[in-house]
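Participant: What follows is the file structure21.pdb, containing PDB, C-alpha atoms and all ligand atoms:
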ATOM      1  CA  MET A   1     -68.903  -4.746 -64.795
ATOM      2  CA  ARG A   2     -65.479  -4.564 -63.200
ATOM      3  CA  LYS A   3     -62.757  -2.848 -65.096
ATOM      4  CA  ARG A   4     -59.756  -5.004 -65.856
ATOM      5  CA  HIS A   5     -56.645  -3.512 -64.324
ATOM      6  CA  ASN A   6     -53.970  -4.585 -66.733
ATOM      7  CA  GLY A   7     -52.877  -1.275 -68.298
ATOM      8  CA  PRO A   8     -49.175  -0.486 -67.948
ATOM      9  CA  LEU A   9     -49.949   2.672 -65.949
ATOM     10  CA  ASP A  10     -52.762   1.175 -63.875
ATOM     11  CA  LEU A  11     -51.163   0.985 -60.445
ATOM     12  CA  ASN A  12     -52.267  -1.061 -57.483
ATOM     13  CA  VAL A  13     -52.497   1.143 -54.384
ATOM     14  CA  ARG A  14     -54.173  -1.375 -52.071
ATOM     15  CA  ASP A  15     -51.389  -1.110 -49.490
ATOM     16  CA  ILE A  16     -51.853   2.645 -48.996
ATOM     17  CA  VAL A  17     -55.597   3.276 -49.470
ATOM     18  CA  HIS A  18     -57.210   4.871 -46.424
ATOM     19  CA  ARG A  19     -53.837   5.163 -44.758
ATOM     20  CA  PRO A  20     -53.116   8.918 -44.916
ATOM     21  CA  GLY A  21     -49.421   9.702 -44.675
ATOM     22  CA  GLU A  22     -48.310   6.555 -46.493
ATOM     23  CA  MET A  23     -46.379   7.071 -49.695
ATOM     24  CA  ARG A  24     -45.024   4.943 -52.522
ATOM     25  CA  GLU A  25     -42.725   5.817 -55.396
ATOM     26  CA  HIS A  26     -42.368   4.040 -58.704
ATOM     27  CA  SER A  27     -40.177   4.486 -61.761
ATOM     28  CA  LEU A  28     -41.934   3.151 -64.818
ATOM     29  CA  GLU A  29     -40.879   2.894 -68.417
ATOM     30  CA  ILE A  30     -43.533   2.000 -70.948
ATOM     31  CA  PRO A  31     -43.933   2.148 -74.703
ATOM     32  CA  ALA A  32     -46.610   4.691 -75.648
ATOM     33  CA  PRO A  33     -49.717   2.555 -76.266
ATOM     34  CA  GLY A  34     -50.789   4.735 -79.187
ATOM     35  CA  LYS A  35     -49.890   7.883 -81.035
ATOM     36  CA  TRP A  36     -50.349  10.790 -78.624
ATOM     37  CA  GLY A  37     -51.000  14.133 -80.324
ATOM     38  CA  GLU A  38     -52.700  15.153 -83.543
ATOM     39  CA  GLY A  39     -50.613  18.122 -84.644
ATOM     40  CA  LEU A  40     -47.357  18.514 -86.538
ATOM     41  CA  VAL A  41     -45.563  16.641 -83.783
ATOM     42  CA  SER A  42     -46.649  13.774 -81.558
ATOM     43  CA  VAL A  43     -45.349  11.059 -79.299
ATOM     44  CA  ALA A  44     -45.248   8.050 -81.602
ATOM     45  CA  GLU A  45     -46.799   4.728 -80.705
ATOM     46  CA  GLY A  46     -44.119   2.623 -79.048
ATOM     47  CA  GLU A  47     -42.013   5.635 -78.047
ATOM     48  CA  THR A  48     -40.446   5.142 -74.606
ATOM     49  CA  VAL A  49     -42.281   7.086 -71.921
ATOM     50  CA  ALA A  50     -40.509   7.218 -68.556
ATOM     51  CA  VAL A  51     -42.689   8.138 -65.585
ATOM     52  CA  ASP A  52     -41.410   8.814 -62.078
ATOM     53  CA  VAL A  53     -44.489   8.751 -59.918
ATOM     54  CA  ARG A  54     -45.152   9.482 -56.267
ATOM     55  CA  LEU A  55     -48.370   8.151 -54.736
ATOM     56  CA  GLU A  56     -49.399   9.815 -51.483
ATOM     57  CA  SER A  57     -52.295   8.618 -49.420
ATOM     58  CA  VAL A  58     -54.335  11.613 -48.261
ATOM     59  CA  HIS A  59     -57.709  11.814 -46.551
ATOM     60  CA  GLU A  60     -59.661  12.292 -49.803
ATOM     61  CA  GLY A  61     -57.828   9.755 -51.907
ATOM     62  CA  ILE A  62     -54.477   9.205 -53.567
ATOM     63  CA  LEU A  63     -52.463  12.250 -54.608
ATOM     64  CA  VAL A  64     -50.402  11.438 -57.688
ATOM     65  CA  THR A  65     -47.341  13.454 -58.658
ATOM     66  CA  ALA A  66     -45.631  12.403 -61.884
ATOM     67  CA  ASP A  67     -42.542  13.451 -63.822
ATOM     68  CA  ILE A  68     -42.658  12.328 -67.427
ATOM     69  CA  ASP A  69     -39.744  12.044 -69.838
ATOM     70  CA  THR A  70     -40.245  11.173 -73.468
ATOM     71  CA  GLN A  71     -39.590  12.426 -76.977
ATOM     72  CA  TYR A  72     -41.825  13.896 -79.633
ATOM     73  CA  THR A  73     -41.268  13.564 -83.352
ATOM     74  CA  GLY A  74     -42.771  15.162 -86.426
ATOM     75  CA  VAL A  75     -41.939  18.013 -88.741
ATOM     76  CA  CYS A  76     -40.834  21.615 -88.355
ATOM     77  CA  GLY A  77     -43.810  23.933 -88.904
ATOM     78  CA  ARG A  78     -41.736  26.252 -91.116
ATOM     79  CA  CYS A  79     -39.442  24.100 -93.255
ATOM     80  CA  LEU A  80     -41.085  20.652 -92.830
ATOM     81  CA  ARG A  81     -37.774  19.088 -91.824
ATOM     82  CA  ASP A  82     -38.085  16.007 -89.579
ATOM     83  CA  ILE A  83     -37.568  16.852 -85.939
ATOM     84  CA  ALA A  84     -37.225  14.862 -82.718
ATOM     85  CA  GLU A  85     -37.085  16.696 -79.416
ATOM     86  CA  PRO A  86     -37.075  15.613 -75.771
ATOM     87  CA  LEU A  87     -40.210  16.392 -73.811
ATOM     88  CA  GLN A  88     -40.470  16.726 -70.055
ATOM     89  CA  VAL A  89     -43.788  17.256 -68.316
ATOM     90  CA  GLU A  90     -45.073  16.938 -64.806
ATOM     91  CA  PHE A  91     -48.507  16.876 -63.290
ATOM     92  CA  GLN A  92     -50.252  16.423 -59.988
ATOM     93  CA  GLU A  93     -53.742  14.929 -59.764
ATOM     94  CA  LEU A  94     -55.926  13.797 -56.914
ATOM     95  CA  PHE A  95     -57.546  10.422 -57.454
ATOM     96  CA  ALA A  96     -60.448  10.701 -55.023
ATOM     97  CA  TYR A  97     -62.158   7.821 -53.292
ATOM     98  CA  PRO A  98     -65.546   7.226 -54.927
ATOM     99  CA  GLY A  99     -68.157   9.573 -53.490
ATOM    100  CA  MET A 100     -65.619  11.688 -51.625
ATOM    101  CA  GLU A 101     -65.076  14.624 -53.916
ATOM    102  CA  ALA A 102     -65.760  15.730 -57.471
ATOM    103  CA  THR A 103     -62.487  15.133 -59.290
ATOM    104  CA  ASP A 104     -61.557  14.088 -62.793
ATOM    105  CA  PHE A 105     -60.103  10.816 -61.528
ATOM    106  CA  GLU A 106     -61.107   8.231 -58.980
ATOM    107  CA  VAL A 107     -59.509   5.352 -57.172
ATOM    108  CA  GLN A 108     -61.145   2.271 -58.680
ATOM    109  CA  ASP A 109     -60.878  -1.166 -57.089
ATOM    110  CA  ASP A 110     -57.748  -0.022 -55.220
ATOM    111  CA  HIS A 111     -56.107   1.118 -58.459
ATOM    112  CA  VAL A 112     -55.121   4.463 -59.968
ATOM    113  CA  ASP A 113     -54.918   4.433 -63.750
ATOM    114  CA  LEU A 114     -52.427   7.067 -64.852
ATOM    115  CA  GLU A 115     -52.755   6.550 -68.587
ATOM    116  CA  THR A 116     -55.268   9.362 -69.194
ATOM    117  CA  PRO A 117     -53.530  12.045 -67.091
ATOM    118  CA  VAL A 118     -50.125  11.064 -68.524
ATOM    119  CA  ARG A 119     -51.472  11.253 -72.077
ATOM    120  CA  ASP A 120     -53.275  14.544 -71.403
ATOM    121  CA  ALA A 121     -50.187  16.131 -69.840
ATOM    122  CA  ILE A 122     -48.087  15.121 -72.847
ATOM    123  CA  VAL A 123     -50.600  16.178 -75.494
ATOM    124  CA  LEU A 124     -51.172  19.578 -73.845
ATOM    125  CA  SER A 125     -47.454  20.305 -73.726
ATOM    126  CA  LEU A 126     -46.686  19.471 -77.350
ATOM    127  CA  PRO A 127     -45.722  22.649 -79.231
ATOM    128  CA  PHE A 128     -48.481  23.879 -81.521
ATOM    129  CA  GLN A 129     -45.976  25.371 -83.949
ATOM    130  CA  PRO A 130     -42.828  23.284 -83.596
ATOM    131  CA  VAL A 131     -39.615  24.506 -85.215
ATOM    132  CA  CYS A 132     -36.359  22.686 -85.985
ATOM    133  CA  GLN A 133     -34.458  25.656 -84.552
ATOM    134  CA  PRO A 134     -35.684  28.969 -83.127
ATOM    135  CA  ASP A 135     -34.586  30.969 -86.178
ATOM    136  CA  CYS A 136     -35.554  28.445 -88.831
ATOM    137  CA  PRO A 137     -35.883  30.539 -92.016
ATOM    138  CA  GLY A 138     -38.566  28.248 -93.420
ATOM    139  CA  LEU A 139     -39.447  27.777 -97.062
ATOM    140  CA  ASP A 140     -39.014  30.258 -99.859
ATOM    141  CA  PRO A 141     -42.519  31.671-100.458
ATOM    142  CA  VAL A 142     -41.878  31.778-104.221
ATOM    143  CA  THR A 143     -40.054  28.555-105.015
ATOM    144  CA  GLY A 144     -41.164  26.509-102.005
ATOM    145  CA  GLU A 145     -37.575  25.458-101.491
ATOM    146  CA  ARG A 146     -36.050  25.170 -98.071
ATOM    147  CA  LEU A 147     -34.132  28.317 -97.191
ATOM    148  CA  THR A 148     -30.805  28.065 -95.451
ATOM    149  CA  GLU A 149     -29.263  30.760 -93.269
ATOM    150  CA  LYS A 150     -27.478  32.125 -96.363
ATOM    151  CA  THR A 151     -30.403  32.161 -98.782
ATOM    152  CA  GLY A 152     -32.724  33.497 -96.095
ATOM    153  CA  SER A 153     -31.148  36.953 -96.420
ATOM    154  CA  GLU A 154     -34.483  38.731 -96.928
ATOM    155  CA  GLN A 155     -35.315  38.016 -93.294
ATOM    156  CA  SER A 156     -31.974  39.081 -91.835
ATOM    157  CA  GLU A 157     -30.486  42.533 -91.641
ATOM    158  CA  PRO A 158     -28.733  43.568 -94.869
ATOM    159  CA  LEU A 159     -25.028  43.788 -94.203
ATOM    160  CA  ASP A 160     -23.827  47.362 -94.210
ATOM    161  CA  PRO A 161     -21.340  47.642 -97.123
ATOM    162  CA  ARG A 162     -18.937  49.558 -94.902
ATOM    163  CA  TRP A 163     -18.890  46.706 -92.401
ATOM    164  CA  ALA A 164     -18.439  44.246 -95.262
ATOM    165  CA  ALA A 165     -15.346  46.147 -96.351
ATOM    166  CA  LEU A 166     -14.014  46.055 -92.810
ATOM    167  CA  GLN A 167     -14.643  42.310 -92.598
ATOM    168  CA  ASP A 168     -12.637  41.742 -95.773
ATOM    169  CA  TYR A 169      -9.896  43.851 -94.341
ATOM    170  CA  THR A 170      -9.729  41.998 -90.997
ATOM    171  CA  SER A 171      -9.970  38.529 -92.511
ATOM    172  CA  ASP A 172      -7.068  39.310 -94.867
ATOM    173  CA  ARG A 173      -4.865  40.224 -91.985
ATOM    174  CA  ASP A 174      -3.760  36.862 -90.641
ATOM    175  CA  ASP A 175       0.020  37.333 -90.978
TER     176      ASP A 175
HETATM  177 ZN    ZN B   1     -37.276  24.291 -89.800
END
Kindly present the structure from the file in C-alpha cells form.
Facilitator:
Amino acid sequence: MRKRHNGPLDLNVRDIVHRPGEMREHSLEIPAPGKWGEGLVSVAEGETVAVDVRLESVHEGILVTADIDTQYTGVCGRCLRDIAEPLQVEFQELFAYPGMEATDFEVQDDHVDLETPVRDAIVLSLPFQPVCQPDCPGLDPVTGERLTEKTGSEQSEPLDPRWAALQDYTSDRDD
C-alpha cells in the first residue's frame, strides 16, 4: 500500500533525487500535530513550530539539515508555576534511498517525511527538570507553600549581622 504524502512536514524531493549536488531550502511553519513530550513540559498541540530545512542531494540519498524554533510550556519542577520557554533545536539526518544504506529514515516515493525526526529532536531536548528561573527556591517542605526569594532564606547564606549594620548605615546616608 502506498503511503499518502499529505503530512505538513512530508516534503516532495522529486526534483533533486539522484542528482547529487542539488540543494533546496524551505522555511516551514506548522502547528504541532499533537502534544510532543510526556514530562513536566511539552510542546502543546497546535503550538507553532518553525522549521528551516536544507535538503541536499547526495549519492546515498537526501541529507536533511533542520533548524527548529518553537516553545515549550508546562510547570516548573520546583514550584509548579506555569512556564513557557523558547526552544531551539537542530538536527541532521540522512534519508537514504531504499536499499542503499541502513538508516533510520528513507526516501519514500520521492518524499522525505520530517515529522518523526522533528518530533524526536524536540522531545529529546525538552528539559527533564524544568525550572521557572535557575535559582527558583521551590516549595516550602513543611507548608507546601511557594517560597519567594525572601522566605527562601534557609537556602541562602545568612546575612552577617555586621554587614547588616553596615547596610543600614549606608542606606541612611543619602543626604
Ligand atoms: Zn519555580
Participant: Show me as a list in words the residues that reach within 9 Å of (-53.8, 6.9, -62.6), counting all atoms listed in the file and using the file's own coordinates.
Facilitator: Leu9, Asp10, Leu11, Val64, Glu93, Phe95, Phe105, Glu106, Val107, His111, Val112, Asp113, Leu114, Glu115, Thr116, Pro117 and Val118 of chain A
Participant: Just give me the gap between atom CA of Glu29 of chain A and atom CA of Asp15 of chain A in Å, one decimal is fine.
Facilitator: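 One can read the atom CA of Glu29 of chain A to atom CA of Asp15 of chain A distance as 22.0 Å.
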Participant: So which residues get picked by the PyMOL selection byres (((not hetatm)) within 10 of (chain B and resi 1)) here, written as an NGL selection string?
Facilitator: :A and (75-83 or 130-139 or 146-148)
Participant: What does the distance between atom CA of Glu22 of chain A and atom CA of Asp67 of chain A come to in Å, to one decimal place?
Facilitator: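 Those two atoms sit 19.5 Å apart.
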Participant: Give the answer as one residue: which of A:Val142, A:Val17, A:Ile122, A:Leu94 has the shortest atom-to-atom distance to Leu63 of chain A, using all atoms listed in the file?
Facilitator: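 Result for the nearest residue to Leu63 of chain A: A:Leu94.
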Participant: Of the residues A:Ile16, A:Met100, A:Ala50, A:Val43, which is the one nearest to Tyr72 of chain A, using only C-alpha atoms?
Facilitator: A:Val43
Participant: At a cut-off of 9 Å, using all atoms listed in the file, what residues contact Ser57 of chain A? Leave out same-chain residues fewer than 2 positions from it and give the result as a PyMOL selection string.
Facilitator: chain A and resi 13+16-24+55+59-64
Participant: Name the closest residue to Ala121 of chain A among the candidates A:Val41, A:Ala96, A:Val89, A:Ala102; distances are taken between atoms, counting all atoms listed in the file.
Facilitator: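 Looking only at the distances to Ala121 of chain A, the closest residue turns out to be A:Val89.
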Participant: Record the distance separating atom CA of Ser27 of chain A and atom CA of Gly99 of chain A, expressed in Å with one decimal.
Facilitator: 29.6 Å
Participant: Considering all atoms listed in the file, can you say which of A:Ile68, A:Leu126, A:Ile30, A:Ala84 comes closest to Asp52 of chain A?
Facilitator: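 Among the listed residues, A:Ile68 lies closest to Asp52 of chain A.
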Participant: With only C-alpha atoms as the atoms that count, which of A:Asp109, A:Glu90, A:Glu47, A:Glu145 lies nearest to Ala66 of chain A?
Facilitator: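 The closest residue to Ala66 of chain A is A:Glu90.
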Participant: Choose the residue, out of A:Asp110, A:Glu85, A:Asp104, A:Glu25, that has the smallest atom-to-atom separation from Thr65 of chain A; count all atoms listed in the file.
Facilitator: A:Glu25
Participant: So which residues touch Lys35 of chain A within 8 Å, counting only C-alpha atoms, skipping near sequence neighbours fewer than 4 positions away, as a PyMOL selection string?
Facilitator: chain A and resi 42-45
Participant: Write out as a list in words the residues lying within 6 Å of Pro31 of chain A, counting only C-alpha atoms and excluding same-chain residues fewer than 6 positions away.
Facilitator: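 The residues satisfying every condition are Gly46, Glu47, Thr48 and Val49 of chain A.
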